[in-house]
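So this one's target_34.txt, compact mmCIF, C-alpha atoms:
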```txt
# COMPACT_ATOMS: atom_id res chain seq x y z
CA MET S 15 -8.86 -36.71 -41.32
CA PRO S 16 -9.41 -39.23 -38.51
CA ASP S 17 -12.39 -41.52 -38.50
CA PHE S 18 -14.38 -41.08 -35.28
CA SER S 19 -16.93 -43.85 -35.97
CA LEU S 20 -15.30 -46.08 -33.36
CA PHE S 21 -16.11 -43.48 -30.71
CA HIS S 22 -19.72 -43.46 -31.90
CA VAL S 23 -19.95 -47.26 -31.74
CA ALA S 24 -18.45 -47.48 -28.24
CA GLY S 25 -20.49 -44.50 -27.04
CA SER S 26 -23.76 -45.93 -28.32
CA ALA S 27 -22.99 -49.25 -26.62
CA MET S 28 -22.24 -47.47 -23.35
CA ALA S 29 -25.53 -45.55 -23.56
CA ALA S 30 -27.47 -48.74 -24.32
CA GLN S 31 -25.84 -50.67 -21.46
CA SER S 32 -26.56 -47.75 -19.14
CA GLN S 33 -30.27 -48.01 -19.98
CA ARG S 34 -30.06 -51.78 -19.44
CA LEU S 35 -28.52 -51.20 -16.00
CA ASN S 36 -31.30 -48.73 -15.16
CA ALA S 37 -33.94 -51.33 -16.06
CA ILE S 38 -32.16 -53.93 -13.94
CA ALA S 39 -32.03 -51.50 -11.00
CA SER S 40 -35.76 -50.87 -11.38
CA ASN S 41 -36.42 -54.60 -11.47
CA MET S 42 -34.32 -55.23 -8.36
CA ALA S 43 -35.98 -52.37 -6.49
CA ASN S 44 -39.40 -53.87 -7.21
CA ALA S 45 -38.50 -57.54 -6.72
CA ASP S 46 -40.69 -57.87 -3.63
CA SER S 47 -43.49 -55.52 -4.71
CA VAL S 48 -47.00 -56.74 -4.27
CA ALA S 49 -48.89 -54.05 -6.13
CA GLY S 50 -48.04 -51.03 -8.21
CA PRO S 51 -50.09 -47.89 -8.81
CA ASP S 52 -52.43 -49.88 -11.04
CA GLY S 53 -53.01 -52.48 -8.32
CA LYS S 54 -51.22 -55.22 -10.27
CA PRO S 55 -47.86 -56.79 -9.42
CA TYR S 56 -44.77 -55.21 -10.99
CA GLN S 57 -43.64 -56.82 -14.25
CA ALA S 58 -39.92 -57.10 -14.93
CA ARG S 59 -38.58 -54.90 -17.73
CA GLN S 60 -36.16 -56.18 -20.36
CA VAL S 61 -34.26 -53.79 -22.63
CA VAL S 62 -34.24 -54.79 -26.30
CA PHE S 63 -31.30 -53.67 -28.43
CA GLU S 64 -31.10 -53.17 -32.18
CA TYR S 65 -28.42 -52.33 -34.72
CA ALA S 66 -28.05 -48.61 -35.36
CA PRO S 67 -26.09 -47.83 -38.54
CA LEU S 68 -23.88 -44.78 -38.51
CA ALA S 69 -25.65 -41.91 -40.24
CA ARG S 70 -22.79 -40.22 -42.06
CA GLN S 71 -22.19 -40.62 -45.77
CA ALA S 72 -18.62 -41.29 -46.94
CA ASP S 73 -18.66 -41.71 -50.70
CA GLN S 74 -15.08 -40.52 -51.17
CA ALA S 75 -13.82 -42.99 -48.59
CA ALA S 76 -16.02 -45.68 -50.14
CA THR S 77 -14.42 -45.09 -53.54
CA ALA S 78 -10.99 -45.42 -52.00
CA LEU S 79 -12.04 -48.48 -50.03
CA THR S 80 -13.56 -50.29 -53.01
CA GLY S 81 -10.32 -49.81 -54.86
CA MET S 82 -8.32 -51.29 -51.98
CA ASN S 83 -10.59 -54.09 -50.79
CA SER S 84 -12.38 -56.41 -53.18
CA SER S 85 -14.83 -57.56 -50.49
CA PHE S 86 -16.86 -54.41 -51.10
CA THR S 87 -17.32 -54.93 -54.84
CA GLY S 88 -20.91 -55.32 -55.93
CA GLN S 89 -22.20 -52.96 -53.26
CA THR S 90 -23.78 -49.64 -54.08
CA LEU S 91 -21.59 -46.59 -53.58
CA GLY S 92 -24.65 -44.55 -52.57
CA GLN S 93 -24.96 -46.71 -49.47
CA PRO S 94 -23.16 -45.34 -46.38
CA LEU S 95 -19.65 -46.71 -45.96
CA ASP S 96 -20.40 -47.86 -42.43
CA GLN S 97 -23.29 -50.04 -43.63
CA ARG S 98 -21.14 -51.60 -46.34
CA ALA S 99 -18.42 -52.30 -43.80
CA GLY S 100 -20.97 -53.65 -41.32
CA MET S 101 -20.13 -50.91 -38.86
CA GLY S 102 -22.64 -49.28 -36.64
CA GLY S 103 -23.69 -48.82 -33.07
CA VAL S 104 -26.47 -50.13 -30.94
CA GLN S 105 -29.59 -48.49 -29.64
CA VAL S 106 -32.48 -49.43 -27.41
CA SER S 107 -35.42 -50.32 -29.62
CA SER S 108 -37.88 -50.95 -26.79
CA VAL S 109 -38.34 -51.92 -23.19
CA ALA S 110 -40.40 -55.09 -23.07
CA LEU S 111 -42.40 -56.33 -20.11
CA SER S 112 -41.61 -59.86 -19.04
CA ASP S 113 -44.40 -62.34 -19.66
CA ALA S 114 -43.26 -64.64 -16.85
CA PRO S 115 -46.05 -65.42 -14.39
CA ALA S 116 -46.22 -63.55 -11.11
CA ARG S 117 -44.69 -65.28 -8.12
CA LYS S 118 -47.39 -66.46 -5.72
CA GLU S 119 -46.95 -67.00 -2.01
CA TYR S 120 -49.42 -68.42 0.46
CA ARG S 121 -50.14 -65.66 2.98
CA PRO S 122 -53.78 -65.85 4.02
CA ASP S 123 -53.40 -63.03 6.56
CA HIS S 124 -52.07 -60.52 3.97
CA PRO S 125 -54.56 -57.77 3.02
CA LEU S 126 -53.95 -58.36 -0.73
CA ALA S 127 -54.39 -62.14 -0.57
CA ASP S 128 -56.87 -63.66 -2.99
CA GLU S 129 -59.74 -65.95 -1.94
CA GLN S 130 -57.36 -68.97 -1.79
CA GLY S 131 -54.93 -67.01 0.45
CA TYR S 132 -52.23 -66.39 -2.18
CA VAL S 133 -50.50 -63.05 -2.74
CA SER S 134 -49.11 -62.25 -6.20
CA PHE S 135 -45.62 -60.73 -6.15
CA SER S 136 -43.59 -59.35 -9.04
CA ASN S 137 -42.17 -61.73 -11.61
CA VAL S 138 -38.60 -60.48 -11.03
CA ASP S 139 -36.01 -63.23 -10.55
CA PRO S 140 -33.31 -61.57 -8.40
CA ILE S 141 -30.65 -64.15 -9.31
CA ALA S 142 -31.21 -63.73 -13.05
CA GLU S 143 -31.19 -59.95 -12.59
CA MET S 144 -27.85 -60.09 -10.77
CA VAL S 145 -26.34 -62.18 -13.56
CA ASP S 146 -27.75 -59.74 -16.12
CA MET S 147 -26.36 -56.82 -14.11
CA ILE S 148 -22.88 -58.34 -14.08
CA ALA S 149 -23.02 -58.95 -17.84
CA ALA S 150 -24.24 -55.39 -18.53
CA SER S 151 -21.59 -53.94 -16.24
CA LYS S 152 -18.80 -55.94 -17.91
CA SER S 153 -20.06 -54.91 -21.35
CA TYR S 154 -20.10 -51.26 -20.26
CA GLU S 155 -16.54 -51.58 -18.92
CA ALA S 156 -15.36 -53.22 -22.15
CA ASN S 157 -16.77 -50.33 -24.18
CA VAL S 158 -15.08 -47.81 -21.89
CA GLU S 159 -11.81 -49.62 -22.61
CA VAL S 160 -12.49 -49.50 -26.36
CA PHE S 161 -13.17 -45.78 -26.07
CA ASN S 162 -10.02 -45.13 -24.02
CA THR S 163 -7.79 -47.30 -26.23
CA SER S 164 -9.08 -45.56 -29.35
CA LYS S 165 -8.43 -42.18 -27.78
CA SER S 166 -4.90 -43.22 -26.85
CA LEU S 167 -4.18 -44.55 -30.34
CA LEU S 168 -5.53 -41.39 -31.93
CA ARG S 169 -3.28 -39.29 -29.69
CA LYS S 170 -0.25 -41.39 -30.65
CA THR S 171 -1.18 -41.08 -34.31
CA LEU S 172 -1.37 -37.31 -34.05
CA THR S 173 2.06 -37.12 -32.39
CA LEU S 174 3.69 -39.14 -35.19
CA GLY S 175 3.54 -36.08 -37.47
CA GLU S 176 5.74 -34.02 -35.14
```

Encoded form using structure tokens:
Amino acid sequence: MPDFSLFHVAGSAMAAQSQRLNAIASNMANADSVAGPDGKPYQARQVVFEYAPLARQADQAATALTGMNSSFTGQTLGQPLDQRAGMGGVQVSSVALSDAPARKEYRPDHPLADEQGYVSFSNVDPIAEMVDMIAASKSYEANVEVFNTSKSLLRKTLTLGE
């Protein structure tokens, strides 16, 4: 029976990078915002990832694996195989607000200027967001390639039995 955990790992990474790209798009859309619904400047959002172990149990495969690979000796067989092998996906644990200070510009004629004449804009750095967007996009593309390569290899494996 084929092991589909690689599809889970690549799929979870694609989903996480998609959420990261959505946060970046939101940040870029609000880069020049002065005030949100609460009257305060927009704060940049940063997606925080965490390890997400695969949920399935594979004690039979673990027994076979411990017999073949001595690196797993000393680990509990009740533990999922994927955790023993260090396999797992990624998930978004939270979306954190940036604590960078708001960007201030001197515009004494602006209706939202403070008593010194400064207007507080969002703390989004468009250049950093573009770099982050490129990195997230490349990571997403790499995981698509992992997914497609795995699919191709699985197809070839299935045709070997013919």

Quiz item: Got a sec to check which residues sit within 12 Å of (-33.6, -60.6, -13.4), counting all atoms listed in the file, and write them as a count of residues only?
Solution: 34

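We find atom CA of Phe18 of chain S and atom CA of Glu155 of chain S to be spaced 19.6 Å apart.
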
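For the atom pair formed by atom CA of Ala127 of chain S and atom CA of Val109 of chain S, the distance is 29.6 Å, given to one decimal.
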
Quiz item: When distances are computed from all atoms listed in the file, which of S:Ser164, S:Gln31, S:Thr171, S:Ser151 shows the smallest separation from Gln105 of chain S?
Solution: S:Gln31

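Proximity ranking of S:Gln130, S:Ser153, S:Ser107, S:Thr173 relative to Phe63 of chain S places S:Ser107 first, based on all atoms listed in the file.
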
Quiz prompt | Å distance separating atom CA of Val133 of chain S from atom CA of Val48 of chain S, one decimal place | solution = 7.4 Å

Box for segment 166-176 of chain S: with edges along x, y and z, all listed atoms inside and 8 Å added on each side, what are the centre and edge lengths in Å to one decimal, as lines of an AutoDock Vina configuration file?
```
center_x = 0.1
center_y = -39.3
center_z = -32.2
size_x = 27.3
size_y = 26.5
size_z = 26.6
```

Practice problem: May I have the protein, DNA and RNA residues with any atom at most 10 Å from the point (-49.7, -69.3, -0.6), counting all atoms listed in the file, written as a PyMOL selection string? | Solution: chain S and resi 117-122+127-128+130-134

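Comparing S:Val23, S:Leu172, S:Val106, S:Met28 by their smallest distance to Pro67 of chain S, the closest is S:Val23 (using only C-alpha atoms).
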
Self-check item: Among listed residues S:Ser108, S:His22, S:Gly102, S:Ala27, nearest Asn157 of chain S (using only C-alpha atoms)
Solution: S:Ala27

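For the set S:Gly103, S:Tyr154, S:Phe161, S:Pro125, the residue with the smallest atom-to-atom gap to Ser26 of chain S is S:Gly103, counting only C-alpha atoms.
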